[in-house]
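Shown here: data-v9.tsv, TSV, C-alpha atoms.
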chain	number	residue	atom	x	y	z
A	3	MET	CA	-47.69	58.20	204.43
A	4	GLY	CA	-48.62	54.60	204.01
A	5	GLY	CA	-51.63	55.09	201.75
A	6	VAL	CA	-52.16	53.80	198.24
A	7	GLN	CA	-51.00	57.16	196.86
A	8	ASP	CA	-47.60	56.54	198.47
A	9	MET	CA	-47.00	53.25	196.64
A	10	VAL	CA	-44.27	53.27	194.03
A	11	PRO	CA	-45.56	51.26	191.03
A	12	ALA	CA	-43.74	48.03	190.24
A	13	ALA	CA	-43.24	49.23	186.65
A	14	GLU	CA	-41.20	52.19	187.91
A	15	TRP	CA	-37.40	52.45	188.19
A	16	VAL	CA	-35.26	54.20	190.80
A	17	TYR	CA	-31.97	56.05	190.53
A	18	ARG	CA	-29.16	55.16	192.95
A	19	ARG	CA	-25.97	57.22	193.25
A	20	VAL	CA	-22.77	55.15	193.25
A	21	ALA	CA	-19.55	56.15	195.01
A	22	ARG	CA	-16.23	56.22	193.16
A	23	ASP	CA	-15.03	53.02	194.88
A	24	ARG	CA	-18.26	51.07	194.46
A	25	HIS	CA	-18.01	49.67	190.95
A	26	VAL	CA	-16.38	46.52	189.64
A	27	TYR	CA	-15.72	44.64	186.44
A	28	ASP	CA	-17.88	41.50	186.51
A	29	GLU	CA	-16.04	38.66	184.74
A	30	ASN	CA	-19.22	36.59	184.38
A	31	LEU	CA	-21.32	39.41	182.91
A	32	ARG	CA	-18.34	40.77	180.94
A	33	ARG	CA	-19.20	44.32	181.87
A	34	ARG	CA	-18.72	46.82	184.62
A	35	ARG	CA	-21.44	47.20	187.20
A	36	PRO	CA	-21.92	48.71	190.63
A	37	SER	CA	-20.60	46.54	193.43
A	38	SER	CA	-23.12	44.99	195.79
A	39	LEU	CA	-21.83	47.45	198.41
A	40	ALA	CA	-23.43	50.25	196.39
A	41	PHE	CA	-26.80	49.03	197.68
A	42	VAL	CA	-25.85	48.76	201.37
A	43	GLN	CA	-26.28	52.04	203.22
A	44	GLY	CA	-26.42	52.23	206.98
A	45	GLY	CA	-25.81	48.50	207.44
A	46	ARG	CA	-27.71	45.49	206.21
A	47	ASP	CA	-30.97	46.73	207.74
A	48	GLY	CA	-30.42	50.39	206.88
A	49	GLU	CA	-32.41	52.48	204.46
A	50	THR	CA	-30.82	52.86	201.02
A	51	SER	CA	-31.60	56.25	199.49
A	52	CYS	CA	-32.93	56.33	195.90
A	53	TYR	CA	-35.06	58.52	193.63
A	54	VAL	CA	-38.06	57.60	191.45
A	55	VAL	CA	-37.02	58.02	187.81
A	56	SER	CA	-40.33	59.50	186.59
A	57	GLU	CA	-40.31	62.15	189.34
A	58	THR	CA	-36.87	63.69	188.89
A	59	THR	CA	-33.84	63.90	186.61
A	60	PRO	CA	-30.30	62.53	186.91
A	61	GLU	CA	-28.99	66.09	187.19
A	62	VAL	CA	-31.18	66.80	190.23
A	63	VAL	CA	-30.25	63.47	191.86
A	64	ALA	CA	-26.54	64.15	191.28
A	65	SER	CA	-26.86	67.50	193.08
A	66	TYR	CA	-27.84	65.77	196.35
A	67	GLY	CA	-24.57	63.98	197.01
A	68	PRO	CA	-20.91	63.66	196.18
A	69	GLU	CA	-21.17	60.27	194.47
A	70	PRO	CA	-20.11	60.75	190.83
A	71	TYR	CA	-21.86	57.75	189.24
A	72	MET	CA	-25.47	56.68	188.95
A	73	VAL	CA	-27.50	53.58	188.06
A	74	ARG	CA	-31.15	52.78	187.72
A	75	VAL	CA	-32.88	49.65	189.00
A	76	PRO	CA	-36.45	48.39	188.44
A	77	VAL	CA	-38.77	48.53	191.46
A	78	ALA	CA	-40.18	45.12	190.46
A	79	LEU	CA	-36.73	43.56	190.93
A	80	ILE	CA	-36.29	45.24	194.30
A	81	ARG	CA	-39.58	43.73	195.44
A	82	ALA	CA	-38.72	40.34	193.92
A	83	ASN	CA	-35.73	40.38	196.29
A	84	GLU	CA	-38.06	40.75	199.28
A	85	LEU	CA	-37.17	44.40	199.76
A	86	GLU	CA	-39.55	47.35	199.60
A	87	VAL	CA	-39.45	50.85	198.16
A	88	VAL	CA	-41.02	53.41	200.50
A	89	ARG	CA	-41.48	57.14	200.17
A	90	SER	CA	-39.42	59.13	202.62
A	91	GLY	CA	-38.53	62.69	203.45
A	92	SER	CA	-39.91	65.69	201.66
A	93	ASP	CA	-39.24	67.30	198.30
A	94	GLU	CA	-37.81	70.33	200.12
A	95	GLU	CA	-35.35	68.31	202.25
A	96	ASP	CA	-34.50	65.26	200.15
A	97	GLY	CA	-35.48	66.27	196.65
A	98	PRO	CA	-38.35	65.19	194.41
A	99	GLY	CA	-39.12	61.49	194.25
A	100	HIS	CA	-36.96	60.50	197.23
A	101	VAL	CA	-37.54	56.92	198.41
A	102	ASP	CA	-35.70	54.34	200.48
A	103	ILE	CA	-35.08	50.67	199.81
A	104	VAL	CA	-35.88	48.98	203.10
A	105	GLY	CA	-35.58	45.43	204.38
A	106	ARG	CA	-32.74	43.06	205.17
A	107	LYS	CA	-30.04	43.49	202.53
A	108	THR	CA	-28.47	40.07	202.36
A	109	SER	CA	-25.52	39.42	200.07
A	110	SER	CA	-27.68	37.62	197.50
A	111	ARG	CA	-30.28	40.41	197.43
A	112	VAL	CA	-27.86	43.29	196.92
A	113	THR	CA	-25.83	41.30	194.41
A	114	SER	CA	-29.01	40.72	192.41
A	115	LEU	CA	-29.68	44.48	192.34
A	116	ALA	CA	-26.08	45.27	191.42
A	117	LYS	CA	-26.04	42.79	188.54
A	118	ALA	CA	-29.31	44.12	187.11
A	119	ALA	CA	-28.48	47.81	187.52
A	120	GLU	CA	-28.10	49.92	184.38
A	121	TRP	CA	-25.71	52.86	184.23
A	122	VAL	CA	-27.39	56.23	183.63
A	123	GLU	CA	-25.99	57.91	180.54
A	124	GLY	CA	-23.47	60.57	181.50
A	125	TYR	CA	-22.96	59.08	184.97
A	126	GLU	CA	-20.93	55.96	184.14
A	127	PRO	CA	-17.47	55.34	185.59
A	128	PRO	CA	-14.61	55.75	183.10
A	129	GLU	CA	-13.10	52.74	181.40
A	130	GLY	CA	-10.13	51.28	183.22
A	131	ASP	CA	-9.14	48.92	185.96
A	132	TYR	CA	-11.78	47.94	188.46
A	133	ALA	CA	-11.54	45.98	191.65
A	134	SER	CA	-13.27	42.63	191.68
A	135	GLU	CA	-16.22	42.12	194.00
A	136	LYS	CA	-14.05	39.75	196.04
A	137	GLU	CA	-11.31	42.39	196.39
A	138	LEU	CA	-13.81	45.04	197.49
A	139	ASN	CA	-15.28	42.67	200.06
A	140	LEU	CA	-11.82	41.98	201.48
A	141	LEU	CA	-11.02	45.68	201.66
A	142	GLY	CA	-14.34	47.00	202.92
A	143	GLY	CA	-15.91	44.18	204.85
A	144	GLY	CA	-18.38	43.37	202.09
A	145	PRO	CA	-22.12	43.00	202.28
A	146	PRO	CA	-23.68	40.89	205.02

Representation of the structure as structure tokens:
Amino acid sequence: MGGVQDMVPAAEWVYRRVARDRHVYDENLRRRRPSSLAFVQGGRDGETSCYVVSETTPEVVASYGPEPYMVRVPVALIRANELEVVRSGSDEEDGPGHVDIVGRKTSSRVTSLAKAAEWVEGYEPPEGDYASEKELNLLGGGPP
């Protein structure tokens, strides 16, 4: 790894699975979105597992974990937030197109990703009551 062939193009998007308790209604955006906690995995410096959109399908990504919802986020935005997308694992172990978002996931960085994320059709949470980001942070410790 590490060569030019391993680079994920900035024009690409990645899928991210979202847990049942990791979505909120954003009053400012007037829409539901994943919470910033959806982009923190393994702590603020941990690797956040994603999949390159052009290399797999939502159905395949959904089969790799229990999280019922899914969003997509542009790689260019991830990099604009001083994070990187790196190839990881193997197709046999982690599925096709597996990558990790790496770098320090500060509150402002993961909030930026959460606000820009787009729900993948067929993998959106149902309409209803959602916790606010503030409530989730109080319950779960929130992002760093």

Work out how far atom CA of A:Trp121 is from atom CA of A:Asp8, in Å to one decimal.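 Result for atom CA of A:Asp8 versus atom CA of A:Trp121: 26.4 Å, one decimal.
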
I'd like the contact shell of A:Pro76 - 9 Å cut-off, only C-alpha atoms, skipping same-chain residues fewer than 6 positions apart - returned as a list in words. Ala12, Ala13, Glu14, Trp15, Val16, Leu115, Ala118 and Ala119 of chain A

Quote the spacing between atom CA of A:Val26 and atom CA of A:Tyr53 in Å to one decimal place.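 We find that atom CA of A:Val26 and atom CA of A:Tyr53 lie 22.6 Å from each other.
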
Hey, can you check how far atom CA of A:Arg34 sits from atom CA of A:Val10?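 Answer for the atom CA of A:Arg34 to atom CA of A:Val10 separation: 28.0 Å.
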
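Here the question is which of A:Tyr66, A:Arg19, A:Val75, A:Pro11 gets nearest to A:Glu95 using all atoms listed in the file, and that residue is A:Tyr66.
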
Selected residue, from A:Cys52, A:Ala116, A:Val73, A:Val122, that lies nearest to A:Pro98 when counting only C-alpha atoms: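 Result for the nearest residue to A:Pro98: A:Cys52.
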
So that all listed atoms of stretch 37-50 of chain A fit with 4 Å spare on each side, what axis-aligned box centre and edge lengths in Å, to one decimal, would you give as lines of an AutoDock Vina configuration file?
center_x = -26.5
center_y = 48.9
center_z = 200.6
size_x = 19.8
size_y = 15.9
size_z = 22.3

Closest to A:Pro68 among A:Pro127, A:Val20, A:Ala40, A:Glu120, using only C-alpha atoms?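 For A:Pro68, the nearest of the candidates is A:Val20.
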
Ranking A:Arg18, A:Val54, A:Leu85, A:Val101 by minimum distance to A:Phe41 and counting only C-alpha atoms, which one comes first?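 Nearest candidate to A:Phe41 out of A:Arg18, A:Val54, A:Leu85, A:Val101: A:Arg18.
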
Looking at all atoms listed in the file, which of A:Glu129, A:Ala64, A:Thr113, A:Thr108 is the one that sits closest to A:Gly48? A:Thr108

Using only C-alpha atoms, which of the listed residues (A:Gly124, A:Gly105, A:Pro36, A:Pro70) sits closest to A:Asn83? A:Gly105

Around (-37.2, 64.1, 198.0) in the file's own coordinates, what residues are found within 12 Å if you use all atoms listed in the file, given back as a PyMOL selection string? chain A and resi 51-55+57-59+62-63+65-66+88-102

Saved selection, atoms kept: C-alpha atoms, as a PDB file, in the frame of the given file:
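File again35.pdb, as written:
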ATOM      1  CA  SER A  51     -31.600  56.250 199.490  1.00  0.00           C
ATOM      2  CA  CYS A  52     -32.930  56.330 195.900  1.00  0.00           C
ATOM      3  CA  TYR A  53     -35.060  58.520 193.630  1.00  0.00           C
ATOM      4  CA  VAL A  54     -38.060  57.600 191.450  1.00  0.00           C
ATOM      5  CA  VAL A  55     -37.020  58.020 187.810  1.00  0.00           C
ATOM      6  CA  GLU A  57     -40.310  62.150 189.340  1.00  0.00           C
ATOM      7  CA  THR A  58     -36.870  63.690 188.890  1.00  0.00           C
ATOM      8  CA  THR A  59     -33.840  63.900 186.610  1.00  0.00           C
ATOM      9  CA  VAL A  62     -31.180  66.800 190.230  1.00  0.00           C
ATOM     10  CA  VAL A  63     -30.250  63.470 191.860  1.00  0.00           C
ATOM     11  CA  SER A  65     -26.860  67.500 193.080  1.00  0.00           C
ATOM     12  CA  TYR A  66     -27.840  65.770 196.350  1.00  0.00           C
ATOM     13  CA  VAL A  88     -41.020  53.410 200.500  1.00  0.00           C
ATOM     14  CA  ARG A  89     -41.480  57.140 200.170  1.00  0.00           C
ATOM     15  CA  SER A  90     -39.420  59.130 202.620  1.00  0.00           C
ATOM     16  CA  GLY A  91     -38.530  62.690 203.450  1.00  0.00           C
ATOM     17  CA  SER A  92     -39.910  65.690 201.660  1.00  0.00           C
ATOM     18  CA  ASP A  93     -39.240  67.300 198.300  1.00  0.00           C
ATOM     19  CA  GLU A  94     -37.810  70.330 200.120  1.00  0.00           C
ATOM     20  CA  GLU A  95     -35.350  68.310 202.250  1.00  0.00           C
ATOM     21  CA  ASP A  96     -34.500  65.260 200.150  1.00  0.00           C
ATOM     22  CA  GLY A  97     -35.480  66.270 196.650  1.00  0.00           C
ATOM     23  CA  PRO A  98     -38.350  65.190 194.410  1.00  0.00           C
ATOM     24  CA  GLY A  99     -39.120  61.490 194.250  1.00  0.00           C
ATOM     25  CA  HIS A 100     -36.960  60.500 197.230  1.00  0.00           C
ATOM     26  CA  VAL A 101     -37.540  56.920 198.410  1.00  0.00           C
ATOM     27  CA  ASP A 102     -35.700  54.340 200.480  1.00  0.00           C
TER      28      ASP A 102
END

Distance query A:Gly44 at most 12 Å, only C-alpha atoms, self and fewer than 6 positions along chain excluded, as a list in words: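 What passes the distance filter is Thr50, Ser51, Asp102, Ile103, Val104, Gly105, Arg106, Lys107, Pro145 and Pro146 of chain A.
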